[in-house]
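**Student:** Below is the structure I would like to discuss, written out as structure tokens.
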Amino acid sequence: MSTITRDEGSVTITTADNIVVVGLRNPGRLNAFTWNMYDHLAALPEYLITQDDVRAVVIRGEGGTAFAAGTDINQFTAFATGEHGVAYEHRVGAVFEALTNIKVPTIALVEGPAVGAGLAVAAACDIVLATPESVFGAPIARTLGNCMPAPVIARLQKRLGINRTMAILLTATMLSAEDAQTAGFVHQVYPADAIDGELRRLLKRISTSAPLTLASIKEISRRIERATPDVPSDDLLHLCYGSADFQEGVRAFLEHRHPVWKGQ
């Protein structure tokens, strides 16, 4: 096992029986992402190239209490302009693209919250497994007052449906594991004490399937998604991240109070 740790937060990578397991770890913060965690996730495809005959990649939160509760809000305290927000979203976008470009099947094993960027990472995976306690959402309209980039919203609309995606984003509500399964976002929901066994059975099916077929199915899916025209969103990211409301949202979150929005 190799563990990459810088500042707070870490990413662990374990390879066994041709399966790569990526662990997200940020104790006390529900595995919320730090900059270095993002950087190492973005480098995951490069790591996979060095491994022989990888059949699948599993991404899960360590500790069993959360997948990833967005970005560690402490990372936002240094943001002073809209450009900082746009650069951040491009950084997260690099992670999103890296995960969707992995050639082998990717599985998100979700226990607890998959929120904000955690939701985006789960959406970037091919298959999502969850426990009944898991929740999915991006309540940024009530918490930080920031925005999500077009590629992430587009992916959510394809995985959850346009109406449901817009509803949870505009009302800042969370989706239960059961509702996420009904929507087709989650493949299966299993009890916490059974999910690892079910994961092993799923990985066995994948490992004994034709690798070229699986890789081709993934590539066809990528080509279909890329056929959709790129939608610009940097101007709107700049608007939100450069606003006084965003600064208020960060302060309020860290002070454990509800923000006072002014629309400016």
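Each chain of the structure tokens is named A, B, ... in the order shown, its residues numbered from 1; ligands are numbered from 1 in display order.
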Sorted by chain and rising residue number, which residues of region 114-188 of chain A lie within 10 Å of region 195-217 of chain A, and what are their closest atom pairs and distances in Å to one decimal, counting only C-alpha atoms, as a Markdown table?

**Tutor:**
| residue | atom | partner | partner_atom | distance |
| --- | --- | --- | --- | --- |
| A:Leu129 | CA | A:Ile195 | CA | 7.9 |
| A:Ala130 | CA | A:Ile195 | CA | 7.7 |
| A:Thr131 | CA | A:Ile195 | CA | 7.2 |
| A:Gln188 | CA | A:Glu198 | CA | 9.5 |

**Student:** Using only C-alpha atoms, which of the listed residues (A:His256, A:Ile59, A:Val135, A:Ala244) sits closest to Pro105 (chain A)?

**Tutor:**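 Smallest separation from Pro105 (chain A) among the options: A:Ile59.
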
**Student:** From the set A:Thr182, A:Leu160, A:Thr143, A:Leu237, which residue has the shortest atom-to-atom contact distance to His258 (chain A), counting only C-alpha atoms?

**Tutor:**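 Closest to His258 (chain A), using only C-alpha atoms: A:Thr143.
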
**Student:** Kindly indicate which residue among A:Gly145, A:Gly116, A:Ser221, A:Val186 lies nearest to Gln264 (chain A), using only C-alpha atoms for the distances.

**Tutor:** A:Gly145

**Student:** So that I can see what lies close to region 70-87 of chain A, please list as a list in words the residues with an atom at most 6 Å from it, counting only C-alpha atoms and leaving out residues fewer than 2 positions away in the same chain.

**Tutor:**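 Final neighbour list, sorted by chain and number: Ala32, Phe33, Thr34, Ala68, Glu89, His90, Val115, Gly116, Ala117, Gly118, Leu237, His238, Tyr241 and Gly242 of chain A.
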
**Student:** Let's have the selection written as a compact mmCIF listing (two decimals), in the first residue's frame, with C-alpha atoms.

**Tutor:**
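And here's result_34.txt as it stands now:
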# COMPACT_ATOMS: atom_id res chain seq x y z
CA ALA A 32 -13.73 16.25 2.38
CA PHE A 33 -11.21 16.88 -0.39
CA THR A 34 -8.05 18.91 0.05
CA ALA A 68 -16.57 12.56 0.60
CA GLU A 89 -13.28 24.38 -10.65
CA HIS A 90 -10.78 23.66 -13.43
CA VAL A 115 -21.84 15.67 -1.34
CA GLY A 116 -20.66 18.42 -3.69
CA ALA A 117 -17.37 17.29 -5.17
CA GLY A 118 -18.00 13.90 -3.58
CA LEU A 237 -18.30 30.41 -11.93
CA HIS A 238 -16.47 33.75 -11.80
CA TYR A 241 -16.95 32.79 -6.57
CA GLY A 242 -16.17 36.49 -6.90

**Student:** Can you pull out every residue from region 67-146 of chain A that DSSP, working from the backbone, puts in alpha helix (DSSP H), and format the result as a ChimeraX atom specification?

**Tutor:** /A:82-100,117-124

**Student:** Could those residues be written to a file, using C-alpha atoms, as a PDB file, in the first residue's frame?

**Tutor:**
ATOM      1  CA  GLY A  82     -13.598  35.036  -8.988  1.00  0.00           C
ATOM      2  CA  GLU A  83     -10.460  33.827 -10.776  1.00  0.00           C
ATOM      3  CA  HIS A  84      -9.595  31.722  -7.729  1.00  0.00           C
ATOM      4  CA  GLY A  85     -12.947  29.995  -8.005  1.00  0.00           C
ATOM      5  CA  VAL A  86     -12.581  29.370 -11.731  1.00  0.00           C
ATOM      6  CA  ALA A  87      -9.090  27.906 -11.187  1.00  0.00           C
ATOM      7  CA  TYR A  88     -10.470  25.670  -8.443  1.00  0.00           C
ATOM      8  CA  GLU A  89     -13.280  24.376 -10.647  1.00  0.00           C
ATOM      9  CA  HIS A  90     -10.785  23.663 -13.428  1.00  0.00           C
ATOM     10  CA  ARG A  91      -8.745  21.696 -10.892  1.00  0.00           C
ATOM     11  CA  VAL A  92     -11.776  19.655  -9.907  1.00  0.00           C
ATOM     12  CA  GLY A  93     -12.639  19.338 -13.597  1.00  0.00           C
ATOM     13  CA  ALA A  94      -9.256  17.715 -14.228  1.00  0.00           C
ATOM     14  CA  VAL A  95     -10.114  15.099 -11.607  1.00  0.00           C
ATOM     15  CA  PHE A  96     -13.549  14.544 -13.135  1.00  0.00           C
ATOM     16  CA  GLU A  97     -12.067  14.095 -16.622  1.00  0.00           C
ATOM     17  CA  ALA A  98      -9.282  11.833 -15.364  1.00  0.00           C
ATOM     18  CA  LEU A  99     -11.767   9.508 -13.680  1.00  0.00           C
ATOM     19  CA  THR A 100     -14.095   9.338 -16.681  1.00  0.00           C
ATOM     20  CA  ALA A 117     -17.370  17.293  -5.168  1.00  0.00           C
ATOM     21  CA  GLY A 118     -17.998  13.896  -3.578  1.00  0.00           C
ATOM     22  CA  LEU A 119     -21.156  13.638  -5.658  1.00  0.00           C
ATOM     23  CA  ALA A 120     -19.186  14.660  -8.754  1.00  0.00           C
ATOM     24  CA  VAL A 121     -16.560  11.958  -8.128  1.00  0.00           C
ATOM     25  CA  ALA A 122     -19.255   9.320  -7.637  1.00  0.00           C
ATOM     26  CA  ALA A 123     -20.954  10.494 -10.842  1.00  0.00           C
ATOM     27  CA  ALA A 124     -17.651  10.137 -12.705  1.00  0.00           C
TER      28      ALA A 124
END

**Student:** Just the residues within 12 Å of Arg257 (chain A), please, counting only C-alpha atoms, with nothing from its chain fewer than 3 positions along; format it as a list in words.

**Tutor:**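 Surrounding residues, per the criterion: Arg142, Thr143, Leu144, Glu248, Gly249, Val250, Arg251, Ala252, Phe253, Leu254 and Val260 of chain A.
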
**Student:** Take the selection from the previous step and output its residues with C-alpha atoms, as a PDB file, in the first residue's frame.

**Tutor:**
ATOM      1  CA  ARG A 142     -27.824  27.094   0.994  1.00  0.00           C
ATOM      2  CA  THR A 143     -24.245  26.623   2.166  1.00  0.00           C
ATOM      3  CA  LEU A 144     -21.518  28.399   0.183  1.00  0.00           C
ATOM      4  CA  GLU A 248     -20.259  35.236   3.466  1.00  0.00           C
ATOM      5  CA  GLY A 249     -21.038  31.589   2.753  1.00  0.00           C
ATOM      6  CA  VAL A 250     -17.513  30.472   3.684  1.00  0.00           C
ATOM      7  CA  ARG A 251     -17.518  32.559   6.873  1.00  0.00           C
ATOM      8  CA  ALA A 252     -20.962  31.305   7.873  1.00  0.00           C
ATOM      9  CA  PHE A 253     -20.022  27.673   7.266  1.00  0.00           C
ATOM     10  CA  LEU A 254     -16.936  27.940   9.453  1.00  0.00           C
ATOM     11  CA  VAL A 260     -27.132  36.095   5.106  1.00  0.00           C
TER      12      VAL A 260
END

**Student:** Measuring between only C-alpha atoms, which one of A:Val104, A:Leu30, A:Ala167, A:Cys125 shows the shortest distance to Phe185 (chain A)?

**Tutor:**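 The shortest atom-to-atom distance to Phe185 (chain A) comes from A:Cys125.
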
**Student:** Determine which residues of region 114-211 of chain A receive a DSSP assignment of strand (DSSP E or B), computed from the backbone, and state them as a PyMOL selection string.

**Tutor:** chain A and resi 114-115+127-130+135-137+175-176+188-189

**Student:** Keeping only N, CA and C atoms, write the selected residues as a compact mmCIF listing (two decimals), in the first residue's frame.

**Tutor:**
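And here is the file that came out, selection.txt:
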# COMPACT_ATOMS: atom_id res chain seq x y z
N ALA A 114 -22.15 11.62 0.02
CA ALA A 114 -21.39 11.92 -1.20
C ALA A 114 -21.94 13.26 -1.66
N VAL A 115 -21.28 14.33 -1.23
CA VAL A 115 -21.84 15.67 -1.34
C VAL A 115 -20.90 16.57 -2.13
N ILE A 127 -20.11 2.69 -11.98
CA ILE A 127 -21.08 1.98 -11.15
C ILE A 127 -20.99 2.56 -9.75
N VAL A 128 -22.15 2.79 -9.13
CA VAL A 128 -22.20 3.29 -7.76
C VAL A 128 -22.92 2.26 -6.89
N LEU A 129 -22.25 1.81 -5.82
CA LEU A 129 -22.87 0.99 -4.80
C LEU A 129 -23.01 1.85 -3.54
N ALA A 130 -24.04 1.63 -2.76
CA ALA A 130 -24.26 2.47 -1.60
C ALA A 130 -24.88 1.69 -0.46
N VAL A 135 -26.23 9.43 1.39
CA VAL A 135 -27.02 10.53 0.83
C VAL A 135 -26.20 11.21 -0.26
N PHE A 136 -26.91 11.80 -1.22
CA PHE A 136 -26.27 12.40 -2.38
C PHE A 136 -26.85 13.79 -2.61
N GLY A 137 -25.99 14.75 -2.93
CA GLY A 137 -26.50 16.09 -3.21
C GLY A 137 -25.39 17.11 -3.30
N LEU A 175 -30.53 13.57 -1.69
CA LEU A 175 -31.21 12.42 -2.24
C LEU A 175 -30.80 11.19 -1.44
N SER A 176 -31.78 10.42 -0.98
CA SER A 176 -31.46 9.20 -0.23
C SER A 176 -30.90 8.15 -1.17
N GLN A 188 -26.88 -0.52 -6.85
CA GLN A 188 -27.51 -1.33 -5.81
C GLN A 188 -27.24 -0.71 -4.45
N VAL A 189 -28.18 -0.95 -3.53
CA VAL A 189 -28.03 -0.53 -2.14
C VAL A 189 -27.91 -1.78 -1.28

**Student:** Could you give me, as a PyMOL selection string, the residues within 9 Å of Ile140 (chain A), counting only C-alpha atoms and dropping anything in the same chain fewer than 5 positions from it?

**Tutor:** chain A and resi 116+145-148+169+172

**Student:** Just the residues within 9 Å of Leu24 (chain A), please, counting only C-alpha atoms, with nothing from its chain fewer than 4 positions along; format it as a PyMOL selection string.

**Tutor:** chain A and resi 9-12+31-33+37+59-62+67-68

**Student:** Set the distance at 10 Å and use only C-alpha atoms: which residues neighbour region 225-232 of chain A once local chain neighbours fewer than 2 positions away are removed? I'd like the list as JSON, numbers by chain.

**Tutor:** {"A": [149, 150, 151, 154, 155, 158, 219, 220, 221, 222, 223, 234, 235, 236, 237]}

**Student:** Expressed in Å to a single decimal, how great is the separation between CA of Thr173 (chain A) and CA of Ile153 (chain A)?

**Tutor:**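 These two atoms are separated by 15.4 Å.
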